[in-house]
>>> print(open('my_file.pdb').read())   # PDB, C-alpha atoms and all ligand atoms
MODEL        1
ATOM      1  CA  ARG A   1     106.871  74.443  77.050
ATOM      2  CA  LYS A   2     108.824  72.766  74.302
ATOM      3  CA  LYS A   3     112.592  73.250  74.696
ATOM      4  CA  ILE A   4     114.316  74.264  71.493
ATOM      5  CA  ILE A   5     117.893  74.746  70.319
ATOM      6  CA  ILE A   6     118.316  76.850  67.188
ATOM      7  CA  ASP A   7     121.177  75.803  64.905
ATOM      8  CA  THR A   8     121.675  78.765  62.609
ATOM      9  CA  ASP A   9     123.792  80.783  60.139
ATOM     10  CA  PRO A  10     122.361  84.275  60.711
ATOM     11  CA  GLY A  11     121.315  85.438  58.062
ATOM     12  CA  ILE A  12     118.305  87.741  57.690
ATOM     13  CA  ASP A  13     115.580  85.075  57.628
ATOM     14  CA  ASP A  14     117.456  83.339  60.460
ATOM     15  CA  ALA A  15     117.201  86.562  62.487
ATOM     16  CA  MET A  16     113.455  86.628  61.867
ATOM     17  CA  ALA A  17     113.160  82.973  62.915
ATOM     18  CA  ILE A  18     115.118  83.611  66.139
ATOM     19  CA  PHE A  19     112.850  86.551  67.022
ATOM     20  CA  VAL A  20     109.729  84.493  66.236
ATOM     21  CA  ALA A  21     110.972  81.790  68.612
ATOM     22  CA  LEU A  22     111.763  84.285  71.387
ATOM     23  CA  GLN A  23     108.255  85.738  71.061
ATOM     24  CA  SER A  24     106.489  82.364  71.057
ATOM     25  CA  PRO A  25     105.007  81.306  74.409
ATOM     26  CA  GLU A  26     104.780  77.704  73.144
ATOM     27  CA  VAL A  27     108.564  77.245  73.256
ATOM     28  CA  GLU A  28     111.601  77.991  75.417
ATOM     29  CA  VAL A  29     114.896  78.646  73.589
ATOM     30  CA  ILE A  30     117.585  76.861  75.628
ATOM     31  CA  GLY A  31     120.498  77.557  73.298
ATOM     32  CA  ILE A  32     121.760  78.667  69.920
ATOM     33  CA  THR A  33     124.421  76.793  67.964
ATOM     34  CA  THR A  34     126.128  78.380  64.984
ATOM     35  CA  ILE A  35     127.204  77.242  61.557
ATOM     36  CA  TYR A  36     128.617  78.638  58.313
ATOM     37  CA  GLY A  37     126.213  79.228  55.422
ATOM     38  CA  ASN A  38     125.008  82.749  54.924
ATOM     39  CA  VAL A  39     128.262  83.853  56.626
ATOM     40  CA  TYR A  40     131.380  82.088  57.984
ATOM     41  CA  THR A  41     130.953  80.374  61.351
ATOM     42  CA  THR A  42     132.810  82.993  63.443
ATOM     43  CA  LEU A  43     130.552  85.720  62.048
ATOM     44  CA  ALA A  44     127.494  83.501  62.573
ATOM     45  CA  THR A  45     128.492  83.327  66.247
ATOM     46  CA  ARG A  46     128.923  87.102  66.475
ATOM     47  CA  ASN A  47     125.538  87.607  64.802
ATOM     48  CA  ALA A  48     123.788  85.144  67.105
ATOM     49  CA  LEU A  49     125.208  86.952  70.167
ATOM     50  CA  HIS A  50     124.239  90.316  68.649
ATOM     51  CA  LEU A  51     120.654  89.201  67.940
ATOM     52  CA  LEU A  52     120.261  87.934  71.516
ATOM     53  CA  GLU A  53     121.510  91.311  72.776
ATOM     54  CA  ILE A  54     118.971  93.102  70.553
ATOM     55  CA  ALA A  55     116.304  90.857  72.074
ATOM     56  CA  GLY A  56     117.573  91.370  75.642
ATOM     57  CA  ARG A  57     118.175  87.612  75.950
ATOM     58  CA  SER A  58     121.923  87.324  76.501
ATOM     59  CA  ASP A  59     121.101  84.717  79.148
ATOM     60  CA  ILE A  60     120.701  82.168  76.316
ATOM     61  CA  PRO A  61     123.978  80.276  75.667
ATOM     62  CA  VAL A  62     125.578  80.342  72.210
ATOM     63  CA  ALA A  63     127.818  77.426  71.200
ATOM     64  CA  GLU A  64     130.053  77.815  68.171
ATOM     65  CA  GLY A  65     129.840  75.170  65.482
ATOM     66  CA  SER A  66     132.026  73.680  62.815
ATOM     67  CA  ARG A  67     133.999  75.794  60.379
ATOM     68  CA  VAL A  68     134.273  73.011  57.825
ATOM     69  CA  THR A  69     131.995  70.570  56.032
ATOM     70  CA  ILE A  70     131.849  66.826  56.605
ATOM     71  CA  THR A  71     131.619  66.407  52.830
ATOM     72  CA  LYS A  72     135.217  66.079  51.636
ATOM     73  CA  GLY A  73     136.578  68.651  49.231
ATOM     74  CA  THR A  74     133.674  71.062  49.620
ATOM     75  CA  LYS A  75     134.494  74.735  49.430
ATOM     76  CA  LEU A  76     132.160  76.767  51.637
ATOM     77  CA  ARG A  77     129.446  78.564  49.709
ATOM     78  CA  ILE A  78     128.751  81.808  51.569
ATOM     79  CA  ALA A  79     125.475  83.566  50.620
ATOM     80  CA  ASP A  80     126.652  87.142  51.230
ATOM     81  CA  PHE A  81     124.952  88.201  47.982
ATOM     82  CA  VAL A  82     121.580  87.364  49.617
ATOM     83  CA  HIS A  83     122.148  88.576  53.192
ATOM     84  CA  GLY A  84     124.920  91.197  52.902
ATOM     85  CA  ALA A  85     128.624  90.872  53.732
ATOM     86  CA  ASP A  86     127.822  90.952  57.474
ATOM     87  CA  GLY A  87     124.866  88.563  57.069
ATOM     88  CA  LEU A  88     122.540  91.179  58.526
ATOM     89  CA  GLY A  89     121.878  93.588  55.685
ATOM     90  CA  ASN A  90     125.196  95.514  55.763
ATOM     91  CA  GLN A  91     124.248  97.522  58.845
ATOM     92  CA  ASN A  92     127.698  97.619  60.497
ATOM     93  CA  PHE A  93     126.339  96.850  63.939
ATOM     94  CA  PRO A  94     128.880  97.177  66.776
ATOM     95  CA  PRO A  95     130.404  93.857  67.918
ATOM     96  CA  PRO A  96     128.461  92.051  70.655
ATOM     97  CA  GLN A  97     129.631  92.110  74.276
ATOM     98  CA  GLY A  98     128.907  88.428  74.891
ATOM     99  CA  LYS A  99     131.058  85.400  74.157
ATOM    100  CA  PRO A 100     130.198  81.862  73.085
ATOM    101  CA  ILE A 101     130.430  79.098  75.688
ATOM    102  CA  GLU A 102     133.489  76.819  75.707
ATOM    103  CA  GLU A 103     131.595  73.739  74.520
ATOM    104  CA  SER A 104     131.386  73.097  70.773
ATOM    105  CA  ALA A 105     127.977  73.112  69.110
ATOM    106  CA  ALA A 106     127.997  69.329  68.634
ATOM    107  CA  ALA A 107     129.025  68.694  72.272
ATOM    108  CA  PHE A 108     126.321  71.122  73.482
ATOM    109  CA  LEU A 109     123.672  69.371  71.352
ATOM    110  CA  VAL A 110     124.692  65.969  72.719
ATOM    111  CA  ALA A 111     124.745  67.204  76.334
ATOM    112  CA  GLN A 112     121.328  68.893  76.156
ATOM    113  CA  ALA A 113     119.765  65.873  74.448
ATOM    114  CA  ASN A 114     121.156  63.689  77.268
ATOM    115  CA  LEU A 115     120.009  66.037  80.004
ATOM    116  CA  TYR A 116     116.445  66.413  78.680
ATOM    117  CA  ALA A 117     116.045  63.108  76.883
ATOM    118  CA  GLY A 118     113.167  63.209  74.395
ATOM    119  CA  GLU A 119     112.306  66.825  75.237
ATOM    120  CA  VAL A 120     114.564  68.946  73.030
ATOM    121  CA  THR A 121     113.686  70.018  69.494
ATOM    122  CA  VAL A 122     116.559  71.229  67.323
ATOM    123  CA  VAL A 123     115.465  73.727  64.691
ATOM    124  CA  ALA A 124     118.209  73.544  62.054
ATOM    125  CA  LEU A 125     118.336  76.633  59.841
ATOM    126  CA  GLY A 126     121.716  76.172  58.147
ATOM    127  CA  PRO A 127     123.888  73.360  56.729
ATOM    128  CA  LEU A 128     123.542  70.248  58.907
ATOM    129  CA  THR A 129     127.199  69.756  59.914
ATOM    130  CA  ASN A 130     126.748  70.280  63.683
ATOM    131  CA  ILE A 131     123.798  67.901  63.888
ATOM    132  CA  ALA A 132     125.646  65.224  61.890
ATOM    133  CA  LEU A 133     128.680  65.648  64.191
ATOM    134  CA  ALA A 134     126.373  65.149  67.195
ATOM    135  CA  VAL A 135     125.049  61.943  65.590
ATOM    136  CA  GLN A 136     128.648  60.743  65.101
ATOM    137  CA  LEU A 137     129.782  61.833  68.589
ATOM    138  CA  GLU A 138     127.008  60.083  70.514
ATOM    139  CA  PRO A 139     125.283  56.976  69.141
ATOM    140  CA  ALA A 140     122.310  57.650  71.453
ATOM    141  CA  PHE A 141     121.828  61.210  70.153
ATOM    142  CA  SER A 142     119.260  60.242  67.527
ATOM    143  CA  LYS A 143     117.170  58.574  70.261
ATOM    144  CA  ASN A 144     117.718  61.239  72.922
ATOM    145  CA  ILE A 145     116.844  64.193  70.768
ATOM    146  CA  GLY A 146     113.088  64.859  70.690
ATOM    147  CA  GLN A 147     112.833  66.132  67.137
ATOM    148  CA  ILE A 148     114.992  67.775  64.485
ATOM    149  CA  VAL A 149     113.102  70.282  62.337
ATOM    150  CA  VAL A 150     115.199  71.096  59.284
ATOM    151  CA  LEU A 151     114.913  73.983  56.877
ATOM    152  CA  GLY A 152     116.233  71.927  54.030
ATOM    153  CA  GLY A 153     115.563  70.251  50.742
ATOM    154  CA  ALA A 154     113.473  70.922  47.680
ATOM    155  CA  PHE A 155     111.060  68.092  47.152
ATOM    156  CA  ALA A 156     109.994  67.517  43.536
ATOM    157  CA  MET A 157     110.915  71.017  42.460
ATOM    158  CA  ASN A 158     113.966  73.091  41.556
ATOM    159  CA  GLY A 159     116.517  74.085  44.146
ATOM    160  CA  ASN A 160     117.834  77.574  44.870
ATOM    161  CA  VAL A 161     121.578  76.907  44.444
ATOM    162  CA  ASN A 162     121.480  74.717  41.367
ATOM    163  CA  PRO A 163     118.363  73.260  39.696
ATOM    164  CA  ALA A 164     118.525  70.316  42.119
ATOM    165  CA  ALA A 165     119.670  71.638  45.482
ATOM    166  CA  GLU A 166     118.407  73.815  48.310
ATOM    167  CA  ALA A 167     121.190  75.875  49.967
ATOM    168  CA  ASN A 168     121.358  74.265  53.415
ATOM    169  CA  VAL A 169     121.539  70.739  52.002
ATOM    170  CA  PHE A 170     123.980  71.837  49.294
ATOM    171  CA  GLY A 171     126.171  73.414  51.996
ATOM    172  CA  ASP A 172     127.082  69.975  53.405
ATOM    173  CA  PRO A 173     125.301  67.149  51.551
ATOM    174  CA  ASP A 174     127.023  64.315  53.454
ATOM    175  CA  ALA A 175     125.939  65.881  56.744
ATOM    176  CA  ALA A 176     122.342  66.128  55.507
ATOM    177  CA  ASP A 177     122.371  62.479  54.440
ATOM    178  CA  ILE A 178     123.724  61.438  57.868
ATOM    179  CA  VAL A 179     120.955  63.357  59.658
ATOM    180  CA  PHE A 180     118.141  62.174  57.382
ATOM    181  CA  THR A 181     119.141  58.508  57.778
ATOM    182  CA  SER A 182     120.037  58.707  61.500
ATOM    183  CA  GLY A 183     116.760  57.289  62.780
ATOM    184  CA  ALA A 184     115.992  60.502  64.700
ATOM    185  CA  ASP A 185     112.516  62.042  64.474
ATOM    186  CA  VAL A 186     113.291  64.441  61.595
ATOM    187  CA  LEU A 187     110.899  66.848  59.889
ATOM    188  CA  CYS A 188     112.067  68.499  56.658
ATOM    189  CA  VAL A 189     110.563  71.814  55.664
ATOM    190  CA  GLY A 190     111.761  72.416  52.115
ATOM    191  CA  LEU A 191     111.418  74.960  49.355
ATOM    192  CA  ASN A 192     108.269  73.195  48.105
ATOM    193  CA  VAL A 193     106.626  74.674  51.232
ATOM    194  CA  THR A 194     108.634  77.851  51.937
ATOM    195  CA  HIS A 195     108.182  79.198  48.396
ATOM    196  CA  GLN A 196     104.500  79.550  49.282
ATOM    197  CA  VAL A 197     105.289  81.780  52.246
ATOM    198  CA  VAL A 198     106.061  85.300  51.064
ATOM    199  CA  LEU A 199     106.362  88.483  53.083
ATOM    200  CA  THR A 200     105.240  91.107  50.571
ATOM    201  CA  ASP A 201     106.434  94.661  49.994
ATOM    202  CA  ALA A 202     103.100  95.733  51.539
ATOM    203  CA  ASP A 203     103.772  93.651  54.658
ATOM    204  CA  ARG A 204     107.169  95.325  54.967
ATOM    205  CA  ASP A 205     105.483  98.739  54.743
ATOM    206  CA  LYS A 206     103.202  97.683  57.606
ATOM    207  CA  LEU A 207     106.236  96.611  59.652
ATOM    208  CA  ALA A 208     107.818 100.005  58.986
ATOM    209  CA  GLN A 209     104.734 101.668  60.536
ATOM    210  CA  SER A 210     104.738  99.371  63.534
ATOM    211  CA  ASN A 211     106.265 100.084  66.921
ATOM    212  CA  GLY A 212     106.319  96.358  67.707
ATOM    213  CA  ARG A 213     109.324  94.921  69.511
ATOM    214  CA  PHE A 214     111.485  93.976  66.497
ATOM    215  CA  ALA A 215     109.768  95.805  63.627
ATOM    216  CA  GLN A 216     112.173  98.735  63.215
ATOM    217  CA  TYR A 217     115.270  96.566  63.558
ATOM    218  CA  LEU A 218     113.962  94.069  60.991
ATOM    219  CA  CYS A 219     113.028  96.789  58.511
ATOM    220  CA  LYS A 220     116.661  97.933  58.533
ATOM    221  CA  ILE A 221     118.186  94.529  57.880
ATOM    222  CA  LEU A 222     115.455  93.438  55.433
ATOM    223  CA  ASP A 223     116.391  95.958  52.700
ATOM    224  CA  VAL A 224     119.215  93.829  51.301
ATOM    225  CA  TYR A 225     117.053  90.676  51.395
ATOM    226  CA  PHE A 226     114.217  92.454  49.536
ATOM    227  CA  SER A 227     116.649  93.803  46.910
ATOM    228  CA  TYR A 228     117.953  90.299  46.248
ATOM    229  CA  HIS A 229     114.422  88.908  45.793
ATOM    230  CA  HIS A 230     113.408  91.843  43.577
ATOM    231  CA  ASP A 231     116.470  91.529  41.349
ATOM    232  CA  ALA A 232     117.281  87.819  41.279
ATOM    233  CA  CYS A 233     113.789  86.325  41.679
ATOM    234  CA  ASN A 234     111.664  89.102  40.174
ATOM    235  CA  MET A 235     109.458  89.124  43.303
ATOM    236  CA  ASN A 236     107.547  91.827  45.172
ATOM    237  CA  GLY A 237     108.388  90.209  48.463
ATOM    238  CA  VAL A 238     110.746  87.740  50.150
ATOM    239  CA  TYR A 239     110.620  84.061  51.042
ATOM    240  CA  LEU A 240     110.237  83.360  54.758
ATOM    241  CA  HIS A 241     112.288  80.141  54.742
ATOM    242  CA  ASP A 242     113.629  79.988  58.296
ATOM    243  CA  PRO A 243     110.616  81.538  60.097
ATOM    244  CA  THR A 244     108.419  78.960  58.352
ATOM    245  CA  ALA A 245     110.584  76.096  59.603
ATOM    246  CA  MET A 246     110.529  77.671  63.074
ATOM    247  CA  LEU A 247     106.733  77.739  63.048
ATOM    248  CA  ALA A 248     106.687  74.058  62.042
ATOM    249  CA  ALA A 249     108.277  73.459  65.452
ATOM    250  CA  VAL A 250     106.106  75.998  67.293
ATOM    251  CA  VAL A 251     102.674  75.396  65.690
ATOM    252  CA  PRO A 252     102.890  72.028  63.873
ATOM    253  CA  SER A 253      99.162  72.058  63.046
ATOM    254  CA  LEU A 254      99.798  74.681  60.327
ATOM    255  CA  PHE A 255     101.451  71.997  58.157
ATOM    256  CA  THR A 256     100.619  68.661  56.581
ATOM    257  CA  TYR A 257     103.232  65.973  56.080
ATOM    258  CA  THR A 258     104.166  62.877  54.187
ATOM    259  CA  GLU A 259     106.619  60.282  55.434
ATOM    260  CA  GLY A 260     109.336  58.373  53.632
ATOM    261  CA  VAL A 261     113.046  57.830  53.245
ATOM    262  CA  VAL A 262     115.013  60.908  52.192
ATOM    263  CA  ARG A 263     118.475  60.519  50.681
ATOM    264  CA  VAL A 264     120.838  63.195  49.434
ATOM    265  CA  GLN A 265     122.896  63.232  46.258
ATOM    266  CA  THR A 266     126.356  64.084  47.578
ATOM    267  CA  SER A 267     128.275  64.769  44.369
ATOM    268  CA  GLY A 268     127.992  65.445  40.669
ATOM    269  CA  ILE A 269     125.817  67.910  38.809
ATOM    270  CA  THR A 270     122.848  67.201  41.097
ATOM    271  CA  LYS A 271     124.874  67.601  44.313
ATOM    272  CA  GLY A 272     122.491  68.493  47.138
ATOM    273  CA  LEU A 273     119.410  66.945  45.525
ATOM    274  CA  THR A 274     116.987  65.479  48.074
ATOM    275  CA  VAL A 275     115.124  62.363  46.936
ATOM    276  CA  LEU A 276     111.996  61.321  48.842
ATOM    277  CA  ASP A 277     110.775  57.743  48.603
ATOM    278  CA  ASN A 278     107.262  57.718  50.062
ATOM    279  CA  ARG A 279     105.921  54.818  48.015
ATOM    280  CA  LYS A 280     103.665  52.586  50.120
ATOM    281  CA  LYS A 281     105.927  49.671  49.412
ATOM    282  CA  ARG A 282     109.549  50.649  48.923
ATOM    283  CA  PHE A 283     111.419  48.233  46.751
ATOM    284  CA  ASP A 284     115.023  48.832  46.108
ATOM    285  CA  GLU A 285     116.459  45.345  45.700
ATOM    286  CA  VAL A 286     119.235  46.371  43.378
ATOM    287  CA  THR A 287     121.074  49.060  45.342
ATOM    288  CA  GLY A 288     119.284  49.186  48.699
ATOM    289  CA  TRP A 289     119.884  52.918  49.106
ATOM    290  CA  THR A 290     116.397  53.621  50.401
ATOM    291  CA  ASP A 291     116.586  50.834  52.970
ATOM    292  CA  LYS A 292     116.781  53.405  55.806
ATOM    293  CA  PRO A 293     114.641  54.951  58.581
ATOM    294  CA  THR A 294     111.915  57.318  57.407
ATOM    295  CA  VAL A 295     111.544  61.040  58.062
ATOM    296  CA  LYS A 296     108.618  63.462  57.776
ATOM    297  CA  VAL A 297     108.475  65.945  54.915
ATOM    298  CA  ALA A 298     106.136  68.942  54.945
ATOM    299  CA  VAL A 299     103.958  69.009  51.820
ATOM    300  CA  ALA A 300     101.469  71.805  52.574
ATOM    301  CA  VAL A 301     101.305  74.894  54.739
ATOM    302  CA  ASP A 302      98.722  77.431  55.832
ATOM    303  CA  ALA A 303     100.832  80.217  54.316
ATOM    304  CA  PRO A 304      98.606  83.206  55.229
ATOM    305  CA  GLU A 305      98.604  82.071  58.872
ATOM    306  CA  VAL A 306     102.407  81.699  58.898
ATOM    307  CA  VAL A 307     102.852  85.216  57.498
ATOM    308  CA  LYS A 308     100.319  86.547  60.024
ATOM    309  CA  LEU A 309     102.121  84.924  62.953
ATOM    310  CA  VAL A 310     105.521  86.177  61.780
ATOM    311  CA  MET A 311     104.109  89.703  61.542
ATOM    312  CA  GLN A 312     102.439  89.482  64.949
ATOM    313  CA  ARG A 313     105.379  87.976  66.773
TER
HETATM  314  C1  LIG B   1     118.142  78.684  53.405
HETATM  315  O1  LIG B   1     119.428  79.145  52.996
HETATM  316  C2  LIG B   1     119.768  80.311  53.723
HETATM  317  O2  LIG B   1     120.219  81.309  52.863
HETATM  318  C3  LIG B   1     118.544  80.780  54.405
HETATM  319  O3  LIG B   1     118.849  81.420  55.632
HETATM  320  C4  LIG B   1     117.741  79.523  54.595
HETATM  321  O4  LIG B   1     118.119  78.867  55.774
HETATM  322  C5  LIG B   1     117.206  78.735  52.230
HETATM  323  O5  LIG B   1     117.600  77.848  51.224
HETATM  324 CA    CA B   2     119.468  80.002  57.465
ENDMDL
END
>>> encode(input="my_file.pdb", output="structure tokens", more="lines below")
Ligand code: BDR
Ligand code: CA
Amino acid sequence: RKKIIIDTDPGIDDAMAIFVALQSPEVEVIGITTIYGNVYTTLATRNALHLLEIAGRSDIPVAEGSRVTITKGTKLRIADFVHGADGLGNQNFPPPQGKPIEESAAAFLVAQANLYAGEVTVVALGPLTNIALAVQLEPAFSKNIGQIVVLGGAFAMNGNVNPAAEANVFGDPDAADIVFTSGADVLCVGLNVTHQVVLTDADRDKLAQSNGRFAQYLCKILDVYFSYHHDACNMNGVYLHDPTAMLAAVVPSLFTYTEGVVRVQTSGITKGLTVLDNRKKRFDEVTGWTDKPTVKVAVAVDAPEVVKLVMQR
């Protein structure tokens, strides 16, 4: 079974992605690392511990991540208006019993990649600070880590923070650029793919009828996420960003990919923009900014199958 570490800012779609992973026989979750994004890092840690308790999997270690960006002068953008003030649909769940391990997220990522060289997939569902810190901490990290699947970017389409940027890349653009140019085996799953994967109002009604393992819990926390999509996006459903990225790690055959250099705009009005250069022959004599290792970028997805698997699992 593929070993995975989930780097996450839970977050309602993060919660769904974590549950999908725990229910997937193809993978073994060997740890969760936390990051700011939908909530501040300390709350992300509490939520990760809480979700593992809900799942009866408190045996899985949680390592707390960075509280600050690598990008200088960046104020954290917390998406409480999408996920609720607690990140989990304003449900006021009691605090978890468990505690994070002593090791930082970056140190944990480095250690696990060393221990199981080439075998660990990181599924990164928030801003990429912890992964970039791991790259900086250990020069061999990008070789030791098996793959990094990133929910991040918006390739040749509008973003969801500003017209250019997707939220996780916008959250720490320098970190994203470090990860994308690190030479690791990176797969980006961006909005160009996840905006095709919608859990509809009707699907939610089916979940509400279900006595499946996580159905009732998810229906509670999903209300806030549905309201946001109804009001702000005029949708009769919600985007399944993080569960889609999770399934790119679990069932890669559901996606098709292109490959090229991805760079991130780290400042200015297009801060967080991801630029993909997948020309057969890259030529960039003037500035050389695409003279970097390539990454994979998902370009198509079997959306009905992803929704079906999320519902089933
Ligand atoms: C991403 O931003 C977060 O709000 C979601 O959890 C997802 O990871 C979508 O842009
Ligand atoms: Ca997320």
>>> residues_near_ligand(input="my_file.pdb", ligand="ligand LIG 1 (chain B)", cutoff="8 Å", atoms="all atoms listed in the file", output="list in words")
Thr8, Asp9, Pro10, Gly11, Ile12, Asp13, Asp14, Gly37, Asn38, Ala79, Val82, His83, Leu125, Gly126, Leu151, Gly152, Gly153, Asn160, Val161, Glu166, Ala167, Asn168, Leu191, His241 and Asp242 of chain A
>>> resolve_selection(input="my_file.pdb", expression="the PyMOL selection byres (((chain A and resi 163) around 10) and not hetatm)", output="list in words")
Ala154, Met157, Asn158, Gly159, Asn160, Val161, Asn162, Ala164, Ala165, Glu166, Ile269, Thr270, Lys271, Gly272 and Leu273 of chain A
>>> axis_aligned_box(input="my_file.pdb", around="segment 262-278 of chain A", padding_each_side="4 Å", output="AutoDock Vina command-line options")
--center_x 117.8 --center_y 63.1 --center_z 45.5 --size_x 29.0 --size_y 18.8 --size_z 21.4
>>> resolve_selection(input="my_file.pdb", expression="the PyMOL selection byres (((chain A and resi 249) around 12) and not hetatm)", output="count of residues only")
44
>>> closest_residue(input="my_file.pdb", among="A:Ser58, A:Thr34, A:Thr42, A:Gln23", to="ligand CA 2 (chain B)", atoms="all atoms listed in the file")
A:Thr34
>>> resolve_selection(input="my_file.pdb", expression="the PyMOL selection byres (((chain A and resi 225) around 8) and not hetatm)", output="VMD selection string")
chain A and resid 12 82 to 83 89 221 to 224 226 to 229 238
>>> residues_around(input="my_file.pdb", residues="Ala208 of chain A", least_positions_apart="5", cutoff="9 Å", atoms="all atoms listed in the file", output="MDAnalysis selection string")
chainID A and resid 203 215:216 218:219
>>> closest_residue(input="my_file.pdb", among="A:Glu64, A:Thr266, A:Ser104, A:Val110", to="Asn144 of chain A", atoms="all atoms listed in the file")
A:Val110
>>> atom_distance(input="my_file.pdb", atom1="atom CA of Val39 of chain A", atom2="atom CA of Glu103 of chain A")
20.8 Å
>>> atom_distance(input="my_file.pdb", atom1="atom CA of Lys296 of chain A", atom2="atom CA of Leu199 of chain A")
25.6 Å
>>> closest_residue(input="my_file.pdb", among="A:Val264, A:Val62, A:Ile78, A:Ala232", to="ligand CA 2 (chain B)", atoms="all atoms listed in the file")
A:Ile78
>>> atom_distance(input="my_file.pdb", atom1="atom CA of Ala156 of chain A", atom2="atom CA of Val286 of chain A")
23.1 Å
>>> closest_residue(input="my_file.pdb", among="A:Ile35, A:Val301, A:Ala107, A:Cys233", to="ligand CA 2 (chain B)", atoms="all atoms listed in the file")
A:Ile35
>>> residues_around(input="my_file.pdb", residues="Phe180 of chain A", least_positions_apart="4", cutoff="8 Å", atoms="all atoms listed in the file", output="list in words")
Ala176, Ala184, Val186, Val261, Val262, Arg263, Thr294 and Val295 of chain A
>>> closest_residue(input="my_file.pdb", among="A:Pro25, A:Val135, A:Lys220, A:Arg204", to="Asn236 of chain A", atoms="all atoms listed in the file")
A:Arg204
>>> closest_residue(input="my_file.pdb", among="A:Asp284, A:Glu119, A:Asp302, A:Asp231", to="Asp185 of chain A", atoms="only C-alpha atoms")
A:Glu119
>>> residues_near_point(input="my_file.pdb", point="(107.0, 54.4, 47.8)", cutoff="12 Å", atoms="all atoms listed in the file", output="PDB file with C-alpha atoms, keeping the file's coordinate frame")
ATOM      1  CA  THR A 258     104.166  62.877  54.187  1.00  0.00           C
ATOM      2  CA  GLU A 259     106.619  60.282  55.434  1.00  0.00           C
ATOM      3  CA  GLY A 260     109.336  58.373  53.632  1.00  0.00           C
ATOM      4  CA  VAL A 261     113.046  57.830  53.245  1.00  0.00           C
ATOM      5  CA  VAL A 262     115.013  60.908  52.192  1.00  0.00           C
ATOM      6  CA  VAL A 275     115.124  62.363  46.936  1.00  0.00           C
ATOM      7  CA  LEU A 276     111.996  61.321  48.842  1.00  0.00           C
ATOM      8  CA  ASP A 277     110.775  57.743  48.603  1.00  0.00           C
ATOM      9  CA  ASN A 278     107.262  57.718  50.062  1.00  0.00           C
ATOM     10  CA  ARG A 279     105.921  54.818  48.015  1.00  0.00           C
ATOM     11  CA  LYS A 280     103.665  52.586  50.120  1.00  0.00           C
ATOM     12  CA  LYS A 281     105.927  49.671  49.412  1.00  0.00           C
ATOM     13  CA  ARG A 282     109.549  50.649  48.923  1.00  0.00           C
ATOM     14  CA  PHE A 283     111.419  48.233  46.751  1.00  0.00           C
ATOM     15  CA  ASP A 284     115.023  48.832  46.108  1.00  0.00           C
ATOM     16  CA  THR A 290     116.397  53.621  50.401  1.00  0.00           C
ATOM     17  CA  ASP A 291     116.586  50.834  52.970  1.00  0.00           C
ATOM     18  CA  THR A 294     111.915  57.318  57.407  1.00  0.00           C
TER      19      THR A 294
END
>>> residues_around(input="my_file.pdb", residues="Pro304 of chain A", least_positions_apart="4", cutoff="9 Å", atoms="only C-alpha atoms", output="MDAnalysis selection string")
chainID A and resid 197:198 308:309
>>> build_atoms(input="my_file.pdb", residues="segment 21-32 of chain A", atoms="N, CA and C atoms", output="PDB file, in the frame of the given file")
ATOM      1  N   ALA A  21     110.868  82.766  67.525  1.00  0.00           N
ATOM      2  CA  ALA A  21     110.972  81.790  68.612  1.00  0.00           C
ATOM      3  C   ALA A  21     110.942  82.485  69.976  1.00  0.00           C
ATOM      4  N   LEU A  22     111.690  83.586  70.093  1.00  0.00           N
ATOM      5  CA  LEU A  22     111.763  84.285  71.387  1.00  0.00           C
ATOM      6  C   LEU A  22     110.415  84.886  71.787  1.00  0.00           C
ATOM      7  N   GLN A  23     109.570  85.152  70.806  1.00  0.00           N
ATOM      8  CA  GLN A  23     108.255  85.738  71.061  1.00  0.00           C
ATOM      9  C   GLN A  23     107.149  84.691  71.145  1.00  0.00           C
ATOM     10  N   SER A  24     107.508  83.421  71.101  1.00  0.00           N
ATOM     11  CA  SER A  24     106.489  82.364  71.057  1.00  0.00           C
ATOM     12  C   SER A  24     106.356  81.701  72.424  1.00  0.00           C
ATOM     13  N   PRO A  25     105.189  81.880  73.072  1.00  0.00           N
ATOM     14  CA  PRO A  25     105.007  81.306  74.409  1.00  0.00           C
ATOM     15  C   PRO A  25     105.004  79.776  74.407  1.00  0.00           C
ATOM     16  N   GLU A  26     104.830  79.179  73.218  1.00  0.00           N
ATOM     17  CA  GLU A  26     104.780  77.704  73.144  1.00  0.00           C
ATOM     18  C   GLU A  26     106.145  77.067  73.367  1.00  0.00           C
ATOM     19  N   VAL A  27     107.232  77.847  73.193  1.00  0.00           N
ATOM     20  CA  VAL A  27     108.564  77.245  73.256  1.00  0.00           C
ATOM     21  C   VAL A  27     109.501  78.052  74.160  1.00  0.00           C
ATOM     22  N   GLU A  28     110.551  77.357  74.620  1.00  0.00           N
ATOM     23  CA  GLU A  28     111.601  77.991  75.417  1.00  0.00           C
ATOM     24  C   GLU A  28     112.921  77.739  74.683  1.00  0.00           C
ATOM     25  N   VAL A  29     113.610  78.804  74.288  1.00  0.00           N
ATOM     26  CA  VAL A  29     114.896  78.646  73.589  1.00  0.00           C
ATOM     27  C   VAL A  29     115.972  78.386  74.625  1.00  0.00           C
ATOM     28  N   ILE A  30     116.576  77.196  74.597  1.00  0.00           N
ATOM     29  CA  ILE A  30     117.585  76.861  75.628  1.00  0.00           C
ATOM     30  C   ILE A  30     119.010  76.997  75.102  1.00  0.00           C
ATOM     31  N   GLY A  31     119.154  77.338  73.822  1.00  0.00           N
ATOM     32  CA  GLY A  31     120.498  77.557  73.298  1.00  0.00           C
ATOM     33  C   GLY A  31     120.470  77.838  71.815  1.00  0.00           C
ATOM     34  N   ILE A  32     121.572  78.445  71.358  1.00  0.00           N
ATOM     35  CA  ILE A  32     121.760  78.667  69.920  1.00  0.00           C
ATOM     36  C   ILE A  32     123.111  78.077  69.558  1.00  0.00           C
TER      37      ILE A  32
END
